[in-house]
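input.pdb follows; it contains PDB, C-alpha atoms and all ligand atoms.
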ATOM      1  CA  MET I1004       0.000   0.000   0.000  1.00  0.00           C
ATOM      2  CA  SER I1005       1.002   3.659  -0.219  1.00  0.00           C
ATOM      3  CA  GLY I1006       0.157   6.875   1.616  1.00  0.00           C
ATOM      4  CA  ASP I1007      -0.330  10.535   0.648  1.00  0.00           C
ATOM      5  CA  ASP I1008       2.549  11.614   2.891  1.00  0.00           C
ATOM      6  CA  THR I1009       4.975   8.935   1.720  1.00  0.00           C
ATOM      7  CA  VAL I1010       7.529   9.311  -1.064  1.00  0.00           C
ATOM      8  CA  LYS I1011       6.377   7.795  -4.357  1.00  0.00           C
ATOM      9  CA  SER I1012       9.499   5.653  -4.659  1.00  0.00           C
ATOM     10  CA  ASN I1013       8.858   3.854  -1.354  1.00  0.00           C
ATOM     11  CA  TYR I1014       7.380   0.624  -2.680  1.00  0.00           C
ATOM     12  CA  MET I1015       9.855   0.177  -5.541  1.00  0.00           C
ATOM     13  CA  HIS I1016      12.819   1.153  -3.372  1.00  0.00           C
ATOM     14  CA  ASN I1017      12.005  -1.026  -0.354  1.00  0.00           C
ATOM     15  CA  VAL I1018      10.361  -4.055  -1.895  1.00  0.00           C
ATOM     16  CA  LYS I1019      13.534  -4.925  -3.779  1.00  0.00           C
ATOM     17  CA  ALA I1020      15.294  -5.176  -0.418  1.00  0.00           C
ATOM     18  CA  ILE I1021      12.421  -6.823   1.446  1.00  0.00           C
ATOM     19  CA  PHE I1022      14.589  -9.635   2.803  1.00  0.00           C
ATOM     20  CA  GLY I1023      17.737  -7.542   3.137  1.00  0.00           C
ATOM     21  CA  CYS I1024      18.908  -6.731   6.620  1.00  0.00           C
ATOM     22  CA  ASP I1025      21.873  -5.544   8.554  1.00  0.00           C
ATOM     23  CA  ASN I1026      21.995  -4.827  12.248  1.00  0.00           C
ATOM     24  CA  ARG I1027      21.907  -1.024  12.156  1.00  0.00           C
ATOM     25  CA  MET I1028      18.684  -1.102  14.211  1.00  0.00           C
ATOM     26  CA  ASN I1029      20.818  -2.221  17.171  1.00  0.00           C
ATOM     27  CA  LEU I1030      21.793   1.442  17.484  1.00  0.00           C
ATOM     28  CA  LEU I1031      18.217   2.031  18.679  1.00  0.00           C
ATOM     29  CA  ILE I1032      17.291  -1.350  20.106  1.00  0.00           C
ATOM     30  CA  PHE I1033      20.313  -1.935  22.374  1.00  0.00           C
ATOM     31  CA  PRO I1034      20.205   1.401  24.253  1.00  0.00           C
ATOM     32  CA  LEU I1035      16.398   1.329  24.408  1.00  0.00           C
ATOM     33  CA  SER I1036      16.508  -2.130  25.985  1.00  0.00           C
ATOM     34  CA  VAL I1037      18.376  -0.891  29.073  1.00  0.00           C
ATOM     35  CA  ILE I1038      16.323   2.231  29.825  1.00  0.00           C
ATOM     36  CA  GLU I1039      14.810   1.659  33.257  1.00  0.00           C
ATOM     37  CA  THR I1040      11.299   2.809  32.289  1.00  0.00           C
ATOM     38  CA  ILE I1041      11.200  -0.056  29.767  1.00  0.00           C
ATOM     39  CA  SER I1042      10.649  -3.627  30.945  1.00  0.00           C
ATOM     40  CA  ARG I1043      10.594  -6.987  29.222  1.00  0.00           C
ATOM     41  CA  GLU I1044       6.750  -6.708  29.413  1.00  0.00           C
ATOM     42  CA  SER I1045       6.690  -3.420  27.484  1.00  0.00           C
ATOM     43  CA  LYS I1046       4.487  -3.080  24.428  1.00  0.00           C
ATOM     44  CA  ILE I1047       6.622  -2.024  21.500  1.00  0.00           C
ATOM     45  CA  LEU I1048       5.774  -0.758  18.013  1.00  0.00           C
ATOM     46  CA  VAL I1049       8.387  -0.910  15.266  1.00  0.00           C
ATOM     47  CA  ILE I1050       7.528   1.490  12.448  1.00  0.00           C
ATOM     48  CA  GLY I1051       9.013   0.497   9.089  1.00  0.00           C
ATOM     49  CA  PRO I1052      10.634  -2.846   9.941  1.00  0.00           C
ATOM     50  CA  ARG I1053      10.482  -3.943   6.276  1.00  0.00           C
ATOM     51  CA  ASN I1054      10.956  -7.552   7.440  1.00  0.00           C
ATOM     52  CA  GLU I1055      10.995  -9.470  10.734  1.00  0.00           C
ATOM     53  CA  ASN I1056      14.654  -8.779  11.540  1.00  0.00           C
ATOM     54  CA  ASP I1057      13.972  -5.781  13.836  1.00  0.00           C
ATOM     55  CA  ILE I1058      11.263  -7.724  15.655  1.00  0.00           C
ATOM     56  CA  TYR I1059      13.434 -10.792  16.232  1.00  0.00           C
ATOM     57  CA  SER I1060      16.244  -8.531  17.454  1.00  0.00           C
ATOM     58  CA  LEU I1061      13.876  -7.319  20.197  1.00  0.00           C
ATOM     59  CA  ILE I1062      12.776 -10.879  20.967  1.00  0.00           C
ATOM     60  CA  GLY I1063      16.450 -11.853  21.198  1.00  0.00           C
ATOM     61  CA  LEU I1064      16.841  -9.273  23.968  1.00  0.00           C
ATOM     62  CA  GLY I1065      13.986 -10.838  25.945  1.00  0.00           C
ATOM     63  CA  PHE I1066      10.999  -8.733  24.857  1.00  0.00           C
ATOM     64  CA  LYS I1067       7.810 -10.766  24.445  1.00  0.00           C
ATOM     65  CA  LYS I1068       6.815 -11.654  20.898  1.00  0.00           C
ATOM     66  CA  GLU I1069       3.116 -11.061  21.675  1.00  0.00           C
ATOM     67  CA  ASN I1070       3.886  -7.499  22.845  1.00  0.00           C
ATOM     68  CA  ILE I1071       5.721  -6.439  19.686  1.00  0.00           C
ATOM     69  CA  LYS I1072       4.038  -5.155  16.547  1.00  0.00           C
ATOM     70  CA  GLY I1073       5.487  -3.959  13.289  1.00  0.00           C
ATOM     71  CA  LEU I1074       3.785  -1.390  11.049  1.00  0.00           C
ATOM     72  CA  ASP I1075       4.757  -1.034   7.414  1.00  0.00           C
ATOM     73  CA  LEU I1076       3.351  -0.149   3.997  1.00  0.00           C
ATOM     74  CA  ILE I1077       4.652  -3.507   2.811  1.00  0.00           C
ATOM     75  CA  SER I1078       4.279  -6.781   4.666  1.00  0.00           C
ATOM     76  CA  TYR I1079       4.521 -10.534   4.165  1.00  0.00           C
ATOM     77  CA  SER I1080       4.344 -11.267   7.901  1.00  0.00           C
ATOM     78  CA  ARG I1081       1.598 -11.605  10.502  1.00  0.00           C
ATOM     79  CA  MET I1082       3.905  -9.738  12.869  1.00  0.00           C
ATOM     80  CA  ILE I1083       3.811  -6.639  10.645  1.00  0.00           C
ATOM     81  CA  THR I1084       0.492  -4.791  10.308  1.00  0.00           C
ATOM     82  CA  LEU I1085      -0.069  -3.074   6.968  1.00  0.00           C
ATOM     83  CA  GLY I1086      -0.561   0.633   7.518  1.00  0.00           C
ATOM     84  CA  ASP I1087       0.740   4.156   7.137  1.00  0.00           C
ATOM     85  CA  MET I1088       2.741   5.741   9.959  1.00  0.00           C
ATOM     86  CA  HIS I1089       0.888   9.036   9.354  1.00  0.00           C
ATOM     87  CA  THR I1090      -2.492   7.416  10.074  1.00  0.00           C
ATOM     88  CA  ALA I1091      -1.583   4.326  12.057  1.00  0.00           C
ATOM     89  CA  PRO I1092      -4.340   1.778  12.723  1.00  0.00           C
ATOM     90  CA  PHE I1093      -3.809   1.660  16.507  1.00  0.00           C
ATOM     91  CA  GLU I1094      -5.540   3.296  19.492  1.00  0.00           C
ATOM     92  CA  ASP I1095      -4.045   6.247  21.370  1.00  0.00           C
ATOM     93  CA  ASP I1096      -1.468   5.296  24.038  1.00  0.00           C
ATOM     94  CA  SER I1097      -1.137   1.725  22.773  1.00  0.00           C
ATOM     95  CA  PHE I1098       2.619   1.378  23.274  1.00  0.00           C
ATOM     96  CA  ASP I1099       5.303   1.827  25.927  1.00  0.00           C
ATOM     97  CA  ALA I1100       7.869   2.380  23.193  1.00  0.00           C
ATOM     98  CA  VAL I1101       7.779   3.290  19.515  1.00  0.00           C
ATOM     99  CA  ILE I1102      10.872   2.620  17.414  1.00  0.00           C
ATOM    100  CA  CYS I1103      11.136   4.190  13.972  1.00  0.00           C
ATOM    101  CA  GLY I1104      14.417   3.315  12.327  1.00  0.00           C
ATOM    102  CA  TRP I1105      15.500   4.598   8.908  1.00  0.00           C
ATOM    103  CA  THR I1106      11.873   5.244   7.922  1.00  0.00           C
ATOM    104  CA  ILE I1107      11.081   8.904   8.607  1.00  0.00           C
ATOM    105  CA  SER I1108      13.153   9.831   5.536  1.00  0.00           C
ATOM    106  CA  TYR I1109      10.405   8.279   3.408  1.00  0.00           C
ATOM    107  CA  SER I1110       7.909  10.788   4.772  1.00  0.00           C
ATOM    108  CA  THR I1111       7.103  14.049   3.018  1.00  0.00           C
ATOM    109  CA  ASN I1112       5.484  15.205   6.270  1.00  0.00           C
ATOM    110  CA  PRO I1113       7.807  14.091   9.094  1.00  0.00           C
ATOM    111  CA  SER I1114       6.063  16.397  11.627  1.00  0.00           C
ATOM    112  CA  LEU I1115       2.827  14.495  11.051  1.00  0.00           C
ATOM    113  CA  ALA I1116       4.648  11.161  11.465  1.00  0.00           C
ATOM    114  CA  ALA I1117       6.072  12.498  14.760  1.00  0.00           C
ATOM    115  CA  LEU I1118       2.622  13.571  15.978  1.00  0.00           C
ATOM    116  CA  GLU I1119       1.347  10.103  15.229  1.00  0.00           C
ATOM    117  CA  MET I1120       4.222   8.500  17.183  1.00  0.00           C
ATOM    118  CA  LEU I1121       3.317  10.740  20.144  1.00  0.00           C
ATOM    119  CA  ARG I1122      -0.343   9.714  19.890  1.00  0.00           C
ATOM    120  CA  LEU I1123       0.560   6.028  19.937  1.00  0.00           C
ATOM    121  CA  THR I1124       3.057   6.285  22.820  1.00  0.00           C
ATOM    122  CA  LYS I1125       1.867   6.362  26.439  1.00  0.00           C
ATOM    123  CA  ARG I1126       2.894   9.505  28.381  1.00  0.00           C
ATOM    124  CA  GLY I1127       6.294   8.746  29.835  1.00  0.00           C
ATOM    125  CA  GLY I1128       6.880   6.148  27.143  1.00  0.00           C
ATOM    126  CA  VAL I1129       9.959   6.048  24.960  1.00  0.00           C
ATOM    127  CA  ILE I1130      10.382   7.086  21.318  1.00  0.00           C
ATOM    128  CA  ALA I1131      13.455   6.040  19.333  1.00  0.00           C
ATOM    129  CA  VAL I1132      14.170   7.437  15.870  1.00  0.00           C
ATOM    130  CA  ALA I1133      17.138   7.019  13.551  1.00  0.00           C
ATOM    131  CA  VAL I1134      17.991   8.126  10.025  1.00  0.00           C
ATOM    132  CA  GLU I1135      20.902   7.665   7.695  1.00  0.00           C
ATOM    133  CA  TYR I1136      23.361  10.562   7.710  1.00  0.00           C
ATOM    134  CA  SER I1137      23.477  11.979   4.209  1.00  0.00           C
ATOM    135  CA  THR I1138      25.066  14.860   2.363  1.00  0.00           C
ATOM    136  CA  LEU I1139      23.587  13.747  -0.971  1.00  0.00           C
ATOM    137  CA  THR I1140      21.887  16.455  -2.994  1.00  0.00           C
ATOM    138  CA  GLU I1141      18.911  15.729  -5.223  1.00  0.00           C
ATOM    139  CA  LYS I1142      21.285  15.416  -8.211  1.00  0.00           C
ATOM    140  CA  ASP I1143      23.712  13.147  -6.311  1.00  0.00           C
ATOM    141  CA  GLU I1144      20.868  10.845  -5.279  1.00  0.00           C
ATOM    142  CA  GLU I1145      19.620  10.578  -8.849  1.00  0.00           C
ATOM    143  CA  GLN I1146      23.118   9.777 -10.090  1.00  0.00           C
ATOM    144  CA  LEU I1147      23.628   7.150  -7.375  1.00  0.00           C
ATOM    145  CA  VAL I1148      20.355   5.182  -7.563  1.00  0.00           C
ATOM    146  CA  GLY I1149      18.831   6.401 -10.831  1.00  0.00           C
ATOM    147  CA  TYR I1150      15.881   8.169  -9.181  1.00  0.00           C
ATOM    148  CA  ASN I1151      15.083  10.334  -6.163  1.00  0.00           C
ATOM    149  CA  VAL I1152      14.137   8.516  -2.979  1.00  0.00           C
ATOM    150  CA  GLN I1153      13.479  11.752  -1.102  1.00  0.00           C
ATOM    151  CA  GLU I1154      11.061  14.270  -2.627  1.00  0.00           C
ATOM    152  CA  PHE I1155      13.162  17.333  -1.964  1.00  0.00           C
ATOM    153  CA  ASP I1156      10.466  19.724  -3.184  1.00  0.00           C
ATOM    154  CA  ARG I1157       8.001  18.408  -0.563  1.00  0.00           C
ATOM    155  CA  ILE I1158      10.202  18.437   2.554  1.00  0.00           C
ATOM    156  CA  PRO I1159      11.469  21.542   4.376  1.00  0.00           C
ATOM    157  CA  SER I1160      14.951  19.953   4.656  1.00  0.00           C
ATOM    158  CA  ARG I1161      16.504  16.532   5.015  1.00  0.00           C
ATOM    159  CA  VAL I1162      16.320  15.312   8.638  1.00  0.00           C
ATOM    160  CA  ASN I1163      20.019  14.801   9.349  1.00  0.00           C
ATOM    161  CA  SER I1164      20.747  15.478  13.045  1.00  0.00           C
ATOM    162  CA  SER I1165      19.399  14.501  16.445  1.00  0.00           C
ATOM    163  CA  GLU I1166      18.309  18.126  17.001  1.00  0.00           C
ATOM    164  CA  GLN I1167      16.237  18.053  13.813  1.00  0.00           C
ATOM    165  CA  ILE I1168      14.616  14.818  14.944  1.00  0.00           C
ATOM    166  CA  LEU I1169      13.811  16.278  18.374  1.00  0.00           C
ATOM    167  CA  GLU I1170      12.393  19.457  16.801  1.00  0.00           C
ATOM    168  CA  LEU I1171       9.728  17.353  15.095  1.00  0.00           C
ATOM    169  CA  PHE I1172       8.384  16.377  18.533  1.00  0.00           C
ATOM    170  CA  GLY I1173       8.367  19.937  19.944  1.00  0.00           C
ATOM    171  CA  ASP I1174       7.505  20.394  23.605  1.00  0.00           C
ATOM    172  CA  ARG I1175       6.521  16.748  24.031  1.00  0.00           C
ATOM    173  CA  VAL I1176      10.209  15.854  24.301  1.00  0.00           C
ATOM    174  CA  GLY I1177      10.993  14.790  27.866  1.00  0.00           C
ATOM    175  CA  PRO I1178      14.268  13.265  29.023  1.00  0.00           C
ATOM    176  CA  VAL I1179      16.711  12.583  26.212  1.00  0.00           C
ATOM    177  CA  PHE I1180      18.350   9.218  26.908  1.00  0.00           C
ATOM    178  CA  PHE I1181      20.568   8.799  23.861  1.00  0.00           C
ATOM    179  CA  LYS I1182      21.919  10.920  21.033  1.00  0.00           C
ATOM    180  CA  HIS I1183      24.190   9.713  18.261  1.00  0.00           C
ATOM    181  CA  ASP I1184      25.088  12.363  15.692  1.00  0.00           C
ATOM    182  CA  ALA I1185      26.901  10.477  12.974  1.00  0.00           C
ATOM    183  CA  PRO I1186      30.296  10.849  14.682  1.00  0.00           C
ATOM    184  CA  ASN I1187      32.216   9.676  11.609  1.00  0.00           C
ATOM    185  CA  LYS I1188      30.144  11.849   9.230  1.00  0.00           C
ATOM    186  CA  ILE I1189      30.333   9.280   6.441  1.00  0.00           C
ATOM    187  CA  SER I1190      27.703   9.719   3.726  1.00  0.00           C
ATOM    188  CA  HIS I1191      27.082   7.823   0.524  1.00  0.00           C
ATOM    189  CA  THR I1192      28.411   9.824  -2.423  1.00  0.00           C
ATOM    190  CA  ALA I1193      27.049  10.407  -5.899  1.00  0.00           C
ATOM    191  CA  ASP I1194      29.557   7.793  -7.116  1.00  0.00           C
ATOM    192  CA  GLU I1195      29.239   5.010  -4.560  1.00  0.00           C
ATOM    193  CA  LEU I1196      27.248   3.408  -1.782  1.00  0.00           C
ATOM    194  CA  VAL I1197      29.709   3.226   1.092  1.00  0.00           C
ATOM    195  CA  PRO I1198      29.522   0.199   3.404  1.00  0.00           C
ATOM    196  CA  ASN I1199      29.997   2.063   6.693  1.00  0.00           C
ATOM    197  CA  VAL I1200      27.577   4.955   6.213  1.00  0.00           C
ATOM    198  CA  SER I1201      26.941   6.996   9.392  1.00  0.00           C
ATOM    199  CA  SER I1202      23.699   7.180  11.329  1.00  0.00           C
ATOM    200  CA  VAL I1203      21.884   9.735  13.405  1.00  0.00           C
ATOM    201  CA  ALA I1204      19.805   8.412  16.303  1.00  0.00           C
ATOM    202  CA  VAL I1205      17.923   9.791  19.266  1.00  0.00           C
ATOM    203  CA  ILE I1206      15.956   8.145  22.078  1.00  0.00           C
ATOM    204  CA  PHE I1207      13.789  10.198  24.415  1.00  0.00           C
ATOM    205  CA  GLY I1208      10.889   9.976  26.804  1.00  0.00           C
ATOM    206  CA  SER I1209       7.588  11.655  25.845  1.00  0.00           C
ATOM    207  CA  ASN I1210       5.846  13.996  28.242  1.00  0.00           C
TER     208      ASN I1210
HETATM  209  C1  LIG I1301      14.723   1.501   4.864  1.00  0.00           C
HETATM  210  S1  LIG I1301      13.466   0.471   5.528  1.00  0.00           S
HETATM  211  C2  LIG I1301      13.974   0.299   7.212  1.00  0.00           C
HETATM  212  C3  LIG I1301      14.120  -1.160   7.600  1.00  0.00           C
HETATM  213  C4  LIG I1301      14.686  -1.384   8.990  1.00  0.00           C
HETATM  214  N1  LIG I1301      13.961  -0.684  10.009  1.00  0.00           N
HETATM  215  C5  LIG I1301      16.155  -1.003   9.040  1.00  0.00           C
HETATM  216  O1  LIG I1301      16.477   0.056   9.560  1.00  0.00           O
HETATM  217  O2  LIG I1301      16.971  -1.746   8.520  1.00  0.00           O
HETATM  218  C6  LIG I1301      12.099   1.616   5.632  1.00  0.00           C
HETATM  219  C7  LIG I1301      10.762   0.924   5.775  1.00  0.00           C
HETATM  220  O3  LIG I1301       9.777   1.912   6.094  1.00  0.00           O
HETATM  221  C8  LIG I1301       8.596   1.620   5.383  1.00  0.00           C
HETATM  222  N2  LIG I1301       7.783   2.834   5.259  1.00  0.00           N
HETATM  223  C9  LIG I1301       8.028   3.909   4.471  1.00  0.00           C
HETATM  224  N3  LIG I1301       7.043   4.816   4.611  1.00  0.00           N
HETATM  225  C10 LIG I1301       6.181   4.306   5.527  1.00  0.00           C
HETATM  226  C11 LIG I1301       4.949   4.761   6.066  1.00  0.00           C
HETATM  227  N4  LIG I1301       4.405   5.910   5.686  1.00  0.00           N
HETATM  228  N5  LIG I1301       4.334   3.982   6.971  1.00  0.00           N
HETATM  229  C12 LIG I1301       4.854   2.781   7.338  1.00  0.00           C
HETATM  230  N6  LIG I1301       6.021   2.286   6.857  1.00  0.00           N
HETATM  231  C13 LIG I1301       6.656   3.038   5.946  1.00  0.00           C
HETATM  232  C14 LIG I1301       9.103   1.065   4.059  1.00  0.00           C
HETATM  233  O4  LIG I1301       8.107   0.327   3.382  1.00  0.00           O
HETATM  234  C15 LIG I1301      10.298   0.221   4.515  1.00  0.00           C
HETATM  235  O5  LIG I1301       9.919  -1.095   4.788  1.00  0.00           O
END
Do you think you could lay out the structure here as structure tokens?
Ligand SMILES: C[S@@+](CC[C@H](N)C(=O)[O-])C[C@H]1O[C@@H](n2cnc3c(N)ncnc32)[C@H](O)[C@@H]1O
Amino acid sequence: MSGDDTVKSNYMHNVKAIFGCDNRMNLLIFPLSVIETISRESKILVIGPRNENDIYSLIGLGFKKENIKGLDLISYSRMITLGDMHTAPFEDDSFDAVICGWTISYSTNPSLAALEMLRLTKRGGVIAVAVEYSTLTEKDEEQLVGYNVQEFDRIPSRVNSSEQILELFGDRVGPVFFKHDAPNKISHTADELVPNVSSVAVIFGSN
């Protein structure tokens, strides 16, 4: 499925990698797993898991399978509900933690996606968001992959730092538990996909 606030390339771009996975989500999952307001009973939503890898990573850390849900525009799995992160098919305050890794970049309205994450997370719950660090311009991106993943004309600017992520959540940001601002500053280039591309991540409590 698709969504009005999602980049047009999403399906084509992500379906070709549906079974691809690396362990970059550990940057969110490992620190989140030791925050003391989170327990092994916590209800967790993973937005944009693409496949079951993120969910099994949480299960591997002791979280209960029945308490974890994935939400994605593409799904082959009963563990991943089909739906749009801008209009998610879950009740208010359904989750103790919402994890959105490398997915907000596919939104043309990241503020709306953030509002939806806040709606789904209980007050005092934890929100974890990460994006790829990128210095690619529109032209670079086209040269690298043959099309634009991001719709640069529909977003105010590329979300590329922990501060920009936090800004999306405004005054609902409570304690910030973890910030990771692409310390190596390695971006893909117009000429090549680099293997050790940097990431930006932030984990905070909602108030
Ligand atoms: C790059 S993958 C991230 C996979 C995994 N979390 C990781 O970091 O390796 C992004 C995923 O977000 C999904 N996605 C994009 N826009 C979405 C939306 N509006 N609602 C739900 N999922 C979305 C895509 O279909 C894709 O599966």
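Atom pair CA of Leu1147 (chain I) / CA of Asp1194 (chain I): separated by 6.0 Å.
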task = Determine the residue membership of the PyMOL selection byres (((not hetatm)) within 6 of (chain I and resi 1301)) for the file above and supply it as a ChimeraX atom specification.
result = /I:1006,1009,1013,1017,1024,1028,1050-1053,1074-1077,1086-1089,1104-1106,1109
Residue IDs satisfying the PyMOL selection byres (((chain I and resi 1047) around 9) and not hetatm), as a ChimeraX atom specification = /I:1045-1046,1048-1049,1066,1070-1073,1097-1102
Coordinates of box centre and edge lengths for region 1123-1139 of chain I, 3 Å on every side, axis-aligned, as JSON:
{"center_x": 12.8, "center_y": 10.4, "center_z": 14.4, "size_x": 30.5, "size_y": 14.8, "size_z": 36.8}
inquiry  = When you count all atoms listed in the file, which of these residues is closest to Glu1195 (chain I): I:Gln1146, I:Asn1151, I:Ile1107, I:Gly1208?
reply    = I:Gln1146
inquiry  = Just the number, please: distance in Å from CA of Glu1094 (chain I) to CA of Leu1118 (chain I), one decimal.
reply    = 13.6 Å
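Proximity of I:Thr1040, I:Cys1103, I:Ser1108, I:Lys1188 to Val1152 (chain I), computed with only C-alpha atoms, is greatest for I:Ser1108.
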query = Could you state the separation of CA of Lys1067 (chain I) and CA of Leu1123 (chain I) in Å, given to one decimal place?
reply = 18.8 Å
Result set, the PyMOL selection byres (((chain I and resi 1035) around 12) and not hetatm) on current file, as a VMD selection string = chain I and resid 1028 to 1034 1036 to 1043 1045 1047 1061 1064 1066 1099 to 1102 1128 to 1132 1179 to 1182 1204 to 1208
Would you mind exporting C-alpha atoms of the selected residues as a CSV table (one decimal), keeping the file's coordinate frame?
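What follows is the written file again-v3.csv:
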chain,number,residue,atom,x,y,z
I,1028,MET,CA,18.7,-1.1,14.2
I,1029,ASN,CA,20.8,-2.2,17.2
I,1030,LEU,CA,21.8,1.4,17.5
I,1031,LEU,CA,18.2,2.0,18.7
I,1032,ILE,CA,17.3,-1.4,20.1
I,1033,PHE,CA,20.3,-1.9,22.4
I,1034,PRO,CA,20.2,1.4,24.3
I,1036,SER,CA,16.5,-2.1,26.0
I,1037,VAL,CA,18.4,-0.9,29.1
I,1038,ILE,CA,16.3,2.2,29.8
I,1039,GLU,CA,14.8,1.7,33.3
I,1040,THR,CA,11.3,2.8,32.3
I,1041,ILE,CA,11.2,-0.1,29.8
I,1042,SER,CA,10.6,-3.6,30.9
I,1043,ARG,CA,10.6,-7.0,29.2
I,1045,SER,CA,6.7,-3.4,27.5
I,1047,ILE,CA,6.6,-2.0,21.5
I,1061,LEU,CA,13.9,-7.3,20.2
I,1064,LEU,CA,16.8,-9.3,24.0
I,1066,PHE,CA,11.0,-8.7,24.9
I,1099,ASP,CA,5.3,1.8,25.9
I,1100,ALA,CA,7.9,2.4,23.2
I,1101,VAL,CA,7.8,3.3,19.5
I,1102,ILE,CA,10.9,2.6,17.4
I,1128,GLY,CA,6.9,6.1,27.1
I,1129,VAL,CA,10.0,6.0,25.0
I,1130,ILE,CA,10.4,7.1,21.3
I,1131,ALA,CA,13.5,6.0,19.3
I,1132,VAL,CA,14.2,7.4,15.9
I,1179,VAL,CA,16.7,12.6,26.2
I,1180,PHE,CA,18.4,9.2,26.9
I,1181,PHE,CA,20.6,8.8,23.9
I,1182,LYS,CA,21.9,10.9,21.0
I,1204,ALA,CA,19.8,8.4,16.3
I,1205,VAL,CA,17.9,9.8,19.3
I,1206,ILE,CA,16.0,8.1,22.1
I,1207,PHE,CA,13.8,10.2,24.4
I,1208,GLY,CA,10.9,10.0,26.8
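Minimum distance to Ser1164 (chain I) across I:Asn1056, I:Ser1190, I:Ser1137, I:Asn1112 (counting all atoms listed in the file) occurs at I:Ser1137.
With distances restricted to all atoms listed in the file, I:Val1148 is the closest residue to Ser1012 (chain I) from I:Ala1193, I:Val1203, I:Val1148, I:Ile1158.
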message = Report as a list of chain:residue names all protein, DNA and RNA residues lying within 9 Å of Asp1007 (chain I), evaluated on all atoms listed in the file, omitting residues in the same chain fewer than 3 positions from it.
response = I:Val1010, I:Lys1011, I:His1089, I:Thr1111
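Closest to Thr1124 (chain I) among I:Leu1085, I:Ile1062, I:Ala1091, I:Met1004 is I:Ala1091, based on only C-alpha atoms.
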